[in-house]
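**Student:** So that you have it, the file is structure-v9.txt, and it contains compact mmCIF, C-alpha atoms:
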```
# COMPACT_ATOMS: atom_id res chain seq x y z
CA MET A 1 -70.71 37.72 45.26
CA LEU A 2 -71.63 39.08 41.87
CA ASP A 3 -68.61 37.35 40.39
CA SER A 4 -69.53 33.99 41.88
CA ARG A 5 -73.11 34.39 40.63
CA LYS A 6 -71.81 35.26 37.16
CA GLN A 7 -69.49 32.28 37.23
CA ALA A 8 -72.31 29.99 38.31
CA GLY A 9 -74.40 31.23 35.38
CA GLU A 10 -71.53 30.69 32.99
CA GLU A 11 -70.88 27.23 34.37
CA ALA A 12 -74.32 26.39 33.01
CA THR A 13 -74.05 28.44 29.81
CA ILE A 14 -70.79 26.98 28.56
CA PRO A 15 -71.89 23.33 28.44
CA ARG A 16 -75.08 24.42 26.67
CA ILE A 17 -73.00 26.10 23.97
CA VAL A 18 -70.38 23.39 23.70
CA ASP A 19 -72.83 20.49 23.71
CA ASP A 20 -74.79 22.18 20.95
CA MET A 21 -71.84 22.28 18.56
CA ARG A 22 -71.23 19.67 15.90
CA TRP A 23 -68.16 17.87 17.21
CA PRO A 24 -65.54 16.22 15.04
CA GLU A 25 -65.18 12.58 15.96
CA ASP A 26 -61.58 13.21 17.12
CA MET A 27 -62.79 14.84 20.34
CA LYS A 28 -63.21 12.64 23.40
CA GLY A 29 -64.80 15.19 25.71
CA TYR A 30 -64.05 18.45 27.42
CA ASP A 31 -63.29 20.07 30.75
CA VAL A 32 -64.08 23.62 31.84
CA GLU A 33 -61.77 25.49 34.16
CA PHE A 34 -62.42 28.98 35.52
CA GLY A 35 -59.48 31.11 36.54
CA SER A 36 -57.50 34.00 35.15
CA ASP A 37 -55.38 34.69 32.13
CA TRP A 38 -51.66 35.47 32.18
CA GLU A 39 -52.36 39.05 33.29
CA GLY A 40 -54.85 38.09 35.98
CA ASP A 41 -58.02 38.95 34.04
CA PRO A 42 -60.94 36.54 34.48
CA ALA A 43 -60.70 33.68 32.01
CA VAL A 44 -62.29 30.35 31.35
CA ARG A 45 -60.44 27.55 29.62
CA VAL A 46 -62.42 24.97 27.72
CA TRP A 47 -60.08 22.01 27.30
CA PHE A 48 -61.01 19.65 24.53
CA LEU A 49 -59.66 16.17 25.04
CA ILE A 50 -58.01 14.67 22.00
CA ASP A 51 -55.44 11.93 21.70
CA ASP A 52 -52.00 12.98 20.62
CA ASP A 53 -51.18 12.32 16.99
CA LEU A 54 -47.52 12.38 16.01
CA ARG A 55 -48.23 12.67 12.27
CA PRO A 56 -51.59 14.33 11.83
CA SER A 57 -52.91 14.97 8.35
CA ASP A 58 -53.49 18.53 7.17
CA GLU A 59 -57.16 17.66 6.91
CA LYS A 60 -57.32 16.66 10.59
CA LEU A 61 -55.47 19.77 11.73
CA GLN A 62 -57.85 21.95 9.75
CA ARG A 63 -60.93 20.07 10.93
CA VAL A 64 -59.96 20.49 14.58
CA GLY A 65 -58.89 24.09 13.97
CA ARG A 66 -62.25 24.96 12.44
CA PHE A 67 -64.05 23.35 15.36
CA LYS A 68 -61.95 25.27 17.90
CA ASP A 69 -62.65 28.50 16.06
CA ALA A 70 -66.38 27.80 15.97
CA VAL A 71 -66.48 27.10 19.71
CA THR A 72 -64.42 30.18 20.46
CA ARG A 73 -66.73 32.32 18.32
CA ALA A 74 -69.82 30.96 20.02
CA LEU A 75 -68.35 31.58 23.47
CA LEU A 76 -67.27 35.11 22.55
CA ASP A 77 -70.72 35.83 21.18
CA ALA A 78 -72.16 34.77 24.54
CA GLU A 79 -70.32 37.75 26.06
CA LEU A 80 -69.17 35.85 29.12
CA SER A 81 -67.56 37.79 31.96
CA HIS A 82 -64.60 35.40 31.68
CA TRP A 83 -62.55 35.52 28.49
CA PRO A 84 -62.83 32.10 26.79
CA PHE A 85 -59.78 30.15 25.68
CA VAL A 86 -60.37 26.92 23.81
CA ARG A 87 -57.42 24.61 24.21
CA LEU A 88 -56.46 21.03 23.45
CA ARG A 89 -54.99 18.38 25.67
CA ALA A 90 -54.70 14.63 25.80
CA PRO A 91 -57.28 12.83 27.92
CA HIS A 92 -56.14 11.66 31.32
CA PRO A 93 -55.91 7.84 31.28
CA SER A 94 -59.12 7.77 33.33
CA GLN A 95 -60.87 9.86 30.63
CA ALA A 96 -59.61 7.91 27.62
CA MET B 1 -37.04 35.16 4.63
CA ALA B 2 -38.96 37.44 6.99
CA PRO B 3 -38.48 36.83 10.74
CA HIS B 4 -42.08 35.70 11.22
CA HIS B 5 -41.68 33.00 8.57
CA ASP B 6 -38.41 31.87 10.15
CA LEU B 7 -40.07 31.66 13.56
CA LEU B 8 -42.99 29.65 12.24
CA GLU B 9 -40.62 27.29 10.44
CA GLN B 10 -38.65 26.92 13.65
CA ALA B 11 -41.85 26.18 15.56
CA ARG B 12 -42.72 23.38 13.13
CA HIS B 13 -39.19 22.03 13.29
CA LEU B 14 -39.23 21.94 17.09
CA ALA B 15 -42.68 20.35 17.20
CA LYS B 16 -41.44 17.50 14.99
CA ARG B 17 -37.87 17.37 16.26
CA GLU B 18 -38.14 14.06 18.11
CA PRO B 19 -39.87 11.64 15.72
CA THR B 20 -41.52 9.30 18.19
CA ARG B 21 -41.36 10.85 21.67
CA PRO B 22 -41.67 14.64 21.53
CA HIS B 23 -39.60 16.27 24.24
CA PRO B 24 -41.67 18.65 26.40
CA ALA B 25 -39.02 21.37 26.07
CA SER B 26 -39.17 21.17 22.26
CA LEU B 27 -42.94 21.50 22.33
CA ARG B 28 -42.81 24.45 24.73
CA ARG B 29 -40.30 26.28 22.58
CA ALA B 30 -42.45 25.55 19.53
CA VAL B 31 -45.46 27.16 21.22
CA SER B 32 -43.39 30.20 22.12
CA ALA B 33 -42.03 30.49 18.58
CA SER B 34 -45.57 30.24 17.17
CA TYR B 35 -46.67 33.17 19.28
CA TYR B 36 -43.65 35.23 18.36
CA ALA B 37 -44.19 34.44 14.68
CA LEU B 38 -47.62 36.07 14.87
CA PHE B 39 -46.38 38.87 17.15
CA HIS B 40 -43.57 39.83 14.77
CA PHE B 41 -45.87 39.47 11.78
CA LEU B 42 -48.28 42.06 13.22
CA VAL B 43 -45.46 44.29 14.41
CA ALA B 44 -43.86 44.25 10.94
CA LYS B 45 -47.17 45.06 9.25
CA GLY B 46 -47.88 47.82 11.76
CA ALA B 47 -44.43 49.37 11.53
CA ARG B 48 -44.59 49.26 7.74
CA LEU B 49 -47.90 51.10 7.80
CA ILE B 50 -46.86 53.69 10.34
CA ALA B 51 -43.24 54.48 9.46
CA PRO B 52 -41.56 55.20 6.12
CA ALA B 53 -38.77 52.99 4.81
CA ARG B 54 -36.19 55.78 5.23
CA PRO B 55 -34.15 56.55 7.14
CA ASP B 56 -32.82 53.05 7.65
CA GLY B 57 -33.73 51.74 11.04
CA LEU B 58 -36.79 53.91 11.60
CA ARG B 59 -39.26 51.08 11.02
CA ALA B 60 -37.30 48.77 13.28
CA GLN B 61 -37.33 51.45 15.96
CA VAL B 62 -41.10 51.84 15.60
CA GLY B 63 -41.47 48.06 15.75
CA ARG B 64 -39.76 47.96 19.12
CA ALA B 65 -42.46 50.23 20.55
CA PHE B 66 -45.21 47.58 20.27
CA VAL B 67 -46.13 46.21 23.69
CA HIS B 68 -47.60 42.76 24.35
CA THR B 69 -50.12 43.94 26.95
CA ASP B 70 -51.34 46.83 24.80
CA MET B 71 -51.74 44.50 21.84
CA LYS B 72 -53.75 42.15 24.03
CA ALA B 73 -56.09 44.96 25.10
CA LEU B 74 -56.66 46.04 21.52
CA CYS B 75 -57.14 42.49 20.24
CA ARG B 76 -59.83 41.97 22.87
CA GLN B 77 -61.73 44.88 21.40
CA PHE B 78 -61.58 43.39 17.92
CA ALA B 79 -62.10 39.76 18.92
CA GLY B 80 -64.96 40.28 21.32
CA ARG B 81 -67.41 42.06 19.05
CA THR B 82 -68.52 43.73 22.24
CA GLY B 83 -67.45 47.11 21.03
CA SER B 84 -64.29 49.04 20.71
CA SER B 85 -63.15 52.01 22.75
CA ASP B 86 -64.41 55.54 22.13
CA HIS B 87 -61.30 56.56 20.22
CA VAL B 88 -61.24 53.49 17.96
CA ARG B 89 -64.96 53.03 17.26
CA PRO B 90 -65.47 56.16 15.12
CA LEU B 91 -62.62 55.06 12.86
CA LEU B 92 -64.13 51.67 12.06
CA THR B 93 -66.58 50.58 9.39
CA GLN B 94 -69.01 47.95 10.64
CA PRO B 95 -69.25 45.05 10.41
CA LEU B 96 -65.68 44.04 11.03
CA ASP B 97 -64.20 41.60 8.56
CA PRO B 98 -64.26 38.05 9.97
CA GLY B 99 -60.61 37.72 8.98
CA LEU B 100 -59.68 40.65 11.19
CA ILE B 101 -61.70 39.27 14.08
CA LEU B 102 -59.98 35.93 13.61
CA ILE B 103 -56.46 37.34 13.66
CA ALA B 104 -57.21 39.27 16.85
CA THR B 105 -58.65 36.11 18.41
CA ARG B 106 -55.64 34.10 17.28
CA PHE B 107 -53.25 36.57 18.84
CA LEU B 108 -55.01 36.31 22.21
CA GLU B 109 -55.06 32.51 22.09
CA LEU B 110 -51.39 32.23 21.24
CA GLN B 111 -50.36 34.79 23.82
CA GLU B 112 -52.10 32.70 26.45
CA GLU B 113 -50.54 29.48 25.13
CA ARG B 114 -47.12 31.08 25.05
CA HIS B 115 -47.41 32.14 28.67
CA ALA B 116 -48.45 28.63 29.65
CA ALA B 117 -45.55 27.19 27.65
CA ASP B 118 -42.94 29.48 29.16
CA TYR B 119 -44.18 29.68 32.75
CA GLY B 120 -46.84 27.01 33.38
CA MET B 121 -44.57 24.11 34.04
CA SER B 122 -47.43 21.92 35.26
CA GLN B 123 -49.08 22.03 31.83
CA ASN B 124 -48.22 19.45 29.24
CA PHE B 125 -48.48 20.00 25.50
CA THR B 126 -49.08 17.33 22.91
CA ARG B 127 -47.52 17.42 19.48
CA PHE B 128 -50.95 17.53 17.94
CA ALA B 129 -51.95 20.60 19.97
CA VAL B 130 -48.71 22.36 19.04
CA LEU B 131 -49.02 21.52 15.34
CA ASN B 132 -52.56 22.82 15.55
CA MET B 133 -51.13 26.14 16.77
CA THR B 134 -48.57 26.33 13.98
CA ASP B 135 -51.36 25.56 11.53
CA ASP B 136 -53.45 28.38 13.05
CA VAL B 137 -50.59 30.83 12.55
CA GLN B 138 -50.06 29.73 8.96
CA ARG B 139 -53.74 30.25 8.23
CA ALA B 140 -53.55 33.72 9.79
CA PHE B 141 -50.66 34.55 7.46
CA ASP B 142 -52.50 33.09 4.46
CA ASN B 143 -55.68 35.03 5.22
CA TRP B 144 -53.85 38.31 5.60
CA ALA B 145 -53.95 39.03 1.85
CA LYS B 146 -57.74 39.28 2.04
CA ILE B 147 -57.75 42.00 4.69
CA ARG B 148 -54.42 43.78 4.48
CA SER B 149 -55.64 46.73 2.41
CA THR B 150 -58.89 47.50 4.21
CA PRO B 151 -59.37 50.71 6.23
CA ASN B 152 -60.32 48.63 9.29
CA THR B 153 -57.02 46.78 9.09
CA ALA B 154 -55.18 50.11 9.01
CA VAL B 155 -57.04 51.13 12.17
CA PHE B 156 -56.25 47.78 13.78
CA LEU B 157 -52.52 47.93 13.05
CA THR B 158 -52.21 51.55 14.14
CA ALA B 159 -54.19 50.96 17.31
CA LEU B 160 -52.02 47.96 18.20
CA LEU B 161 -49.32 50.54 18.81
CA LEU B 162 -51.26 53.62 19.87
CA ASN B 163 -54.44 52.45 21.59
CA ARG B 164 -53.10 53.05 25.10
CA GLN B 165 -51.78 56.50 24.26
CA TRP B 166 -55.09 57.45 22.65
CA SER B 167 -56.98 56.43 25.75
CA HIS B 168 -54.82 58.81 27.81
CA ALA B 169 -55.15 61.71 25.39
```
Render the structure in this file as structure tokens.

**Tutor:**
Amino acid sequence: MLDSRKQAGEEATIPRIVDDMRWPEDMKGYDVEFGSDWEGDPAVRVWFLIDDDLRPSDEKLQRVGRFKDAVTRALLDAELSHWPFVRLRAPHPSQA
Amino acid sequence: MAPHHDLLEQARHLAKREPTRPHPASLRRAVSASYYALFHFLVAKGARLIAPARPDGLRAQVGRAFVHTDMKALCRQFAGRTGSSDHVRPLLTQPLDPGLILIATRFLELQEERHAADYGMSQNFTRFAVLNMTDDVQRAFDNWAKIRSTPNTAVFLTALLLNRQWSHA
């Protein structure tokens, strides 16, 4: 019960944090997925949607890396009950 | 070249192996190699701090005692800023260096990615995401010079190996 209440609170908190960040234009959107990490501890994955790039520039890699780090830091500072993992994936065709 | 550099180079090679259509298996192995590059980097630094160079083989033996799950637990303490355990906290000088926080965070991220790459067969990786990981590891290596000599880093490296034993003492 407590866990589901916490999760519900965090379902609202995470978009507030993420939407507040300054996004690089490469990002198409994001999905949030609650679950567990590889050891079974509570985790939340924030998937940023970004098209694949077979030959990305160093500048783009660093720009996206800095953004990921900033989101991760903001989520960690929020002291969520689920450990945040910020990850990248290509948008589903319906999300492109 | 040190094993962690070899592993990172291998990760980059695998990520770019197929020029136009990256093979999922290449990308998965690249993710795994990226994690192990950082894992062996931290293990090497920890073993070097903890064990003398002689007799031959002692450092390698110490290096084999590092455990993935224990390293995860310790990295959570450093990455989360939510406080470290009772036996680690008195040894630390606050605030923690952002570079140390970042390397702990990076380790947790890559450990999770590596597990997804090796066991989460429903997950797909893009080349961009994988190159982003290799770039993250390279930056962790590059930033190490700024923090390697600090007392907090010595605590971090030692606790990567001993945190669990300390909590049972």

**Student:** Contacts of Gln7 in chain A at 9 Å or less, counting all atoms listed in the file, minus same-chain residues fewer than 2 places along, as a compact mmCIF listing (two decimals) with C-alpha atoms, keeping the file's coordinate frame?

**Tutor:**
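Result file follows (selection_3.txt):
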```txt
# COMPACT_ATOMS: atom_id res chain seq x y z
CA LEU A 2 -71.63 39.08 41.87
CA ASP A 3 -68.61 37.35 40.39
CA SER A 4 -69.53 33.99 41.88
CA ARG A 5 -73.11 34.39 40.63
CA GLY A 9 -74.40 31.23 35.38
CA GLU A 10 -71.53 30.69 32.99
CA GLU A 11 -70.88 27.23 34.37
CA ALA A 12 -74.32 26.39 33.01
CA PHE A 34 -62.42 28.98 35.52
CA LEU A 80 -69.17 35.85 29.12
CA SER A 81 -67.56 37.79 31.96
CA HIS A 82 -64.60 35.40 31.68
```

**Student:** Identify which of the residues A:Ile14, A:Ala90, A:Val32, A:Met27 lies closest to chain B, counting all atoms listed in the file when measuring atom-to-atom distances.

**Tutor:**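 Under the stated criterion, the closest residue is A:Ala90.
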
**Student:** Which is closest to chain B among A:Leu54, A:Phe67, A:Pro91, A:Phe48, if we use only C-alpha atoms?

**Tutor:**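 Answer, going by the shortest atom-to-atom distance: A:Leu54.
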
**Student:** Mind listing as a PDB file with C-alpha atoms, keeping the file's coordinate frame which residues of chain B are within 10 Å of chain A, counting only C-alpha atoms?

**Tutor:**
```
ATOM      1  CA  ALA B  15     -42.680  20.350  17.200  1.00  0.00           C
ATOM      2  CA  LYS B  16     -41.440  17.500  14.990  1.00  0.00           C
ATOM      3  CA  GLU B  18     -38.140  14.060  18.110  1.00  0.00           C
ATOM      4  CA  PRO B  19     -39.870  11.640  15.720  1.00  0.00           C
ATOM      5  CA  THR B  20     -41.520   9.300  18.190  1.00  0.00           C
ATOM      6  CA  ARG B  21     -41.360  10.850  21.670  1.00  0.00           C
ATOM      7  CA  PRO B  22     -41.670  14.640  21.530  1.00  0.00           C
ATOM      8  CA  THR B  69     -50.120  43.940  26.950  1.00  0.00           C
ATOM      9  CA  LYS B  72     -53.750  42.150  24.030  1.00  0.00           C
ATOM     10  CA  ARG B  76     -59.830  41.970  22.870  1.00  0.00           C
ATOM     11  CA  ALA B  79     -62.100  39.760  18.920  1.00  0.00           C
ATOM     12  CA  GLY B  80     -64.960  40.280  21.320  1.00  0.00           C
ATOM     13  CA  ARG B  81     -67.410  42.060  19.050  1.00  0.00           C
ATOM     14  CA  THR B  82     -68.520  43.730  22.240  1.00  0.00           C
ATOM     15  CA  ILE B 101     -61.700  39.270  14.080  1.00  0.00           C
ATOM     16  CA  LEU B 102     -59.980  35.930  13.610  1.00  0.00           C
ATOM     17  CA  THR B 105     -58.650  36.110  18.410  1.00  0.00           C
ATOM     18  CA  ARG B 106     -55.640  34.100  17.280  1.00  0.00           C
ATOM     19  CA  LEU B 108     -55.010  36.310  22.210  1.00  0.00           C
ATOM     20  CA  GLU B 109     -55.060  32.510  22.090  1.00  0.00           C
ATOM     21  CA  LEU B 110     -51.390  32.230  21.240  1.00  0.00           C
ATOM     22  CA  GLN B 111     -50.360  34.790  23.820  1.00  0.00           C
ATOM     23  CA  GLU B 112     -52.100  32.700  26.450  1.00  0.00           C
ATOM     24  CA  GLU B 113     -50.540  29.480  25.130  1.00  0.00           C
ATOM     25  CA  ARG B 114     -47.120  31.080  25.050  1.00  0.00           C
ATOM     26  CA  HIS B 115     -47.410  32.140  28.670  1.00  0.00           C
ATOM     27  CA  ALA B 116     -48.450  28.630  29.650  1.00  0.00           C
ATOM     28  CA  TYR B 119     -44.180  29.680  32.750  1.00  0.00           C
ATOM     29  CA  GLY B 120     -46.840  27.010  33.380  1.00  0.00           C
ATOM     30  CA  GLN B 123     -49.080  22.030  31.830  1.00  0.00           C
ATOM     31  CA  ASN B 124     -48.220  19.450  29.240  1.00  0.00           C
ATOM     32  CA  PHE B 125     -48.480  20.000  25.500  1.00  0.00           C
ATOM     33  CA  THR B 126     -49.080  17.330  22.910  1.00  0.00           C
ATOM     34  CA  ARG B 127     -47.520  17.420  19.480  1.00  0.00           C
ATOM     35  CA  PHE B 128     -50.950  17.530  17.940  1.00  0.00           C
ATOM     36  CA  ALA B 129     -51.950  20.600  19.970  1.00  0.00           C
ATOM     37  CA  VAL B 130     -48.710  22.360  19.040  1.00  0.00           C
ATOM     38  CA  LEU B 131     -49.020  21.520  15.340  1.00  0.00           C
ATOM     39  CA  ASN B 132     -52.560  22.820  15.550  1.00  0.00           C
ATOM     40  CA  MET B 133     -51.130  26.140  16.770  1.00  0.00           C
ATOM     41  CA  THR B 134     -48.570  26.330  13.980  1.00  0.00           C
ATOM     42  CA  ASP B 135     -51.360  25.560  11.530  1.00  0.00           C
ATOM     43  CA  ASP B 136     -53.450  28.380  13.050  1.00  0.00           C
ATOM     44  CA  ARG B 139     -53.740  30.250   8.230  1.00  0.00           C
TER      45      ARG B 139
END
```

**Student:** Excluding range 56-65 of chain B and any residue of its chain fewer than 3 positions from it, enumerate the residues within 6 Å of it, using only C-alpha atoms, and give them as a ChimeraX atom specification.

**Tutor:** /B:43,47,51

**Student:** Do you have the CA of Phe107 in chain B-CA of Thr150 in chain B distance handy?

**Tutor:**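 Between CA of Phe107 in chain B and CA of Thr150 in chain B the gap works out to 19.1 Å.
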
**Student:** Just to confirm, what's the straight-line distance from CA of His92 in chain A to CA of Leu49 in chain A in Å (one decimal)?

**Tutor:**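 Going from CA of His92 in chain A over to CA of Leu49 in chain A, I get 8.5 Å.
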
**Student:** So how far away is CA of Pro151 in chain B from CA of Asp97 in chain B, in Å?

**Tutor:**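 Pair CA of Asp97 in chain B / CA of Pro151 in chain B returns 10.6 Å.
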
**Student:** Just checking: using all atoms listed in the file, which residue out of A:Pro93, A:Arg16, A:Ala70, A:Lys6 ends up closest to Pro42 in chain A?

**Tutor:** A:Lys6

**Student:** Taking 5 positions as the minimum chain separation for residues in the same chain, which residues sit within 9 Å of Arg29 in chain B when counting only C-alpha atoms? Answer as a PyMOL selection string.

**Tutor:** chain B and resi 11+14-15+24+34+114+117-118

**Student:** Please report, as lines of an AutoDock Vina configuration file, the centre and edge lengths in Å to one decimal of an axis-aligned box covering all listed atoms of range 41-50 of chain A with 4 Å per side.

**Tutor:**
```
center_x = -60.2
center_y = 26.8
center_z = 28.2
size_x = 12.4
size_y = 32.3
size_z = 20.5
```

**Student:** Identify the residues around (-52.3, 51.3, 21.8) within a radius of 10 Å, measuring from all atoms listed in the file in the coordinates stated by the file, and give them as a VMD selection string.

**Tutor:** chain B and resid 65 to 67 69 to 74 88 156 to 168

**Student:** Name the residues in contact with Glu33 in chain A at a cut-off of 7 Å, using only C-alpha atoms, excluding same-chain residues fewer than 3 positions from it; report them as a list in words.

**Tutor:**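 Counting only the stated atoms, we get Val44, Arg45 and Val46 of chain A.
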
**Student:** Is it possible to add N, CA, C and O atoms to range 23-44 of chain A and hand it back as a PDB file, keeping the file's coordinate frame?

**Tutor:**
```pdb
ATOM      1  N   TRP A  23     -69.534  18.264  16.848  1.00  0.00           N
ATOM      2  CA  TRP A  23     -68.160  17.870  17.210  1.00  0.00           C
ATOM      3  C   TRP A  23     -67.524  16.988  16.147  1.00  0.00           C
ATOM      4  O   TRP A  23     -68.182  16.067  15.646  1.00  0.00           O
ATOM      5  N   PRO A  24     -66.248  17.220  15.860  1.00  0.00           N
ATOM      6  CA  PRO A  24     -65.540  16.220  15.040  1.00  0.00           C
ATOM      7  C   PRO A  24     -65.325  14.956  15.874  1.00  0.00           C
ATOM      8  O   PRO A  24     -65.250  15.024  17.108  1.00  0.00           O
ATOM      9  N   GLU A  25     -65.255  13.837  15.208  1.00  0.00           N
ATOM     10  CA  GLU A  25     -65.180  12.580  15.960  1.00  0.00           C
ATOM     11  C   GLU A  25     -63.865  12.439  16.738  1.00  0.00           C
ATOM     12  O   GLU A  25     -63.755  11.593  17.635  1.00  0.00           O
ATOM     13  N   ASP A  26     -62.872  13.289  16.424  1.00  0.00           N
ATOM     14  CA  ASP A  26     -61.580  13.210  17.120  1.00  0.00           C
ATOM     15  C   ASP A  26     -61.694  13.555  18.605  1.00  0.00           C
ATOM     16  O   ASP A  26     -60.868  13.145  19.410  1.00  0.00           O
ATOM     17  N   MET A  27     -62.694  14.343  18.959  1.00  0.00           N
ATOM     18  CA  MET A  27     -62.790  14.840  20.340  1.00  0.00           C
ATOM     19  C   MET A  27     -63.393  13.791  21.270  1.00  0.00           C
ATOM     20  O   MET A  27     -64.408  13.184  20.959  1.00  0.00           O
ATOM     21  N   LYS A  28     -62.740  13.654  22.441  1.00  0.00           N
ATOM     22  CA  LYS A  28     -63.210  12.640  23.400  1.00  0.00           C
ATOM     23  C   LYS A  28     -64.070  13.241  24.507  1.00  0.00           C
ATOM     24  O   LYS A  28     -64.646  12.515  25.301  1.00  0.00           O
ATOM     25  N   GLY A  29     -64.060  14.545  24.634  1.00  0.00           N
ATOM     26  CA  GLY A  29     -64.800  15.190  25.710  1.00  0.00           C
ATOM     27  C   GLY A  29     -64.205  16.552  25.984  1.00  0.00           C
ATOM     28  O   GLY A  29     -63.373  17.033  25.209  1.00  0.00           O
ATOM     29  N   TYR A  30     -64.623  17.157  27.083  1.00  0.00           N
ATOM     30  CA  TYR A  30     -64.050  18.450  27.420  1.00  0.00           C
ATOM     31  C   TYR A  30     -64.142  18.702  28.919  1.00  0.00           C
ATOM     32  O   TYR A  30     -64.946  18.097  29.622  1.00  0.00           O
ATOM     33  N   ASP A  31     -63.274  19.593  29.368  1.00  0.00           N
ATOM     34  CA  ASP A  31     -63.290  20.070  30.750  1.00  0.00           C
ATOM     35  C   ASP A  31     -63.370  21.592  30.724  1.00  0.00           C
ATOM     36  O   ASP A  31     -62.844  22.223  29.804  1.00  0.00           O
ATOM     37  N   VAL A  32     -63.993  22.161  31.737  1.00  0.00           N
ATOM     38  CA  VAL A  32     -64.080  23.620  31.840  1.00  0.00           C
ATOM     39  C   VAL A  32     -63.385  24.043  33.120  1.00  0.00           C
ATOM     40  O   VAL A  32     -63.593  23.440  34.181  1.00  0.00           O
ATOM     41  N   GLU A  33     -62.566  25.060  32.997  1.00  0.00           N
ATOM     42  CA  GLU A  33     -61.770  25.490  34.160  1.00  0.00           C
ATOM     43  C   GLU A  33     -61.805  27.019  34.243  1.00  0.00           C
ATOM     44  O   GLU A  33     -61.334  27.712  33.338  1.00  0.00           O
ATOM     45  N   PHE A  34     -62.386  27.531  35.314  1.00  0.00           N
ATOM     46  CA  PHE A  34     -62.420  28.980  35.520  1.00  0.00           C
ATOM     47  C   PHE A  34     -61.150  29.419  36.242  1.00  0.00           C
ATOM     48  O   PHE A  34     -60.633  28.702  37.095  1.00  0.00           O
ATOM     49  N   GLY A  35     -60.686  30.593  35.898  1.00  0.00           N
ATOM     50  CA  GLY A  35     -59.480  31.110  36.540  1.00  0.00           C
ATOM     51  C   GLY A  35     -59.161  32.474  35.997  1.00  0.00           C
ATOM     52  O   GLY A  35     -60.062  33.311  35.839  1.00  0.00           O
ATOM     53  N   SER A  36     -57.896  32.704  35.697  1.00  0.00           N
ATOM     54  CA  SER A  36     -57.500  34.000  35.150  1.00  0.00           C
ATOM     55  C   SER A  36     -56.487  33.777  34.041  1.00  0.00           C
ATOM     56  O   SER A  36     -55.867  32.710  33.954  1.00  0.00           O
ATOM     57  N   ASP A  37     -56.360  34.802  33.202  1.00  0.00           N
ATOM     58  CA  ASP A  37     -55.380  34.690  32.130  1.00  0.00           C
ATOM     59  C   ASP A  37     -54.006  35.106  32.649  1.00  0.00           C
ATOM     60  O   ASP A  37     -53.832  35.339  33.839  1.00  0.00           O
ATOM     61  N   TRP A  38     -53.046  35.233  31.764  1.00  0.00           N
ATOM     62  CA  TRP A  38     -51.660  35.470  32.180  1.00  0.00           C
ATOM     63  C   TRP A  38     -51.489  36.824  32.848  1.00  0.00           C
ATOM     64  O   TRP A  38     -50.520  37.025  33.578  1.00  0.00           O
ATOM     65  N   GLU A  39     -52.447  37.733  32.636  1.00  0.00           N
ATOM     66  CA  GLU A  39     -52.360  39.050  33.290  1.00  0.00           C
ATOM     67  C   GLU A  39     -53.247  39.130  34.524  1.00  0.00           C
ATOM     68  O   GLU A  39     -53.288  40.177  35.169  1.00  0.00           O
ATOM     69  N   GLY A  40     -53.975  38.078  34.816  1.00  0.00           N
ATOM     70  CA  GLY A  40     -54.850  38.090  35.980  1.00  0.00           C
ATOM     71  C   GLY A  40     -56.291  38.454  35.672  1.00  0.00           C
ATOM     72  O   GLY A  40     -57.114  38.558  36.584  1.00  0.00           O
ATOM     73  N   ASP A  41     -56.626  38.667  34.406  1.00  0.00           N
ATOM     74  CA  ASP A  41     -58.020  38.950  34.040  1.00  0.00           C
ATOM     75  C   ASP A  41     -58.834  37.653  34.061  1.00  0.00           C
ATOM     76  O   ASP A  41     -58.297  36.580  33.738  1.00  0.00           O
ATOM     77  N   PRO A  42     -60.121  37.761  34.411  1.00  0.00           N
ATOM     78  CA  PRO A  42     -60.940  36.540  34.480  1.00  0.00           C
ATOM     79  C   PRO A  42     -60.945  35.789  33.148  1.00  0.00           C
ATOM     80  O   PRO A  42     -61.088  36.405  32.086  1.00  0.00           O
ATOM     81  N   ALA A  43     -60.767  34.501  33.228  1.00  0.00           N
ATOM     82  CA  ALA A  43     -60.700  33.680  32.010  1.00  0.00           C
ATOM     83  C   ALA A  43     -61.334  32.329  32.289  1.00  0.00           C
ATOM     84  O   ALA A  43     -61.410  31.887  33.433  1.00  0.00           O
ATOM     85  N   VAL A  44     -61.812  31.726  31.227  1.00  0.00           N
ATOM     86  CA  VAL A  44     -62.290  30.350  31.350  1.00  0.00           C
ATOM     87  C   VAL A  44     -61.635  29.559  30.214  1.00  0.00           C
ATOM     88  O   VAL A  44     -61.592  30.011  29.074  1.00  0.00           O
TER      89      VAL A  44
END
```
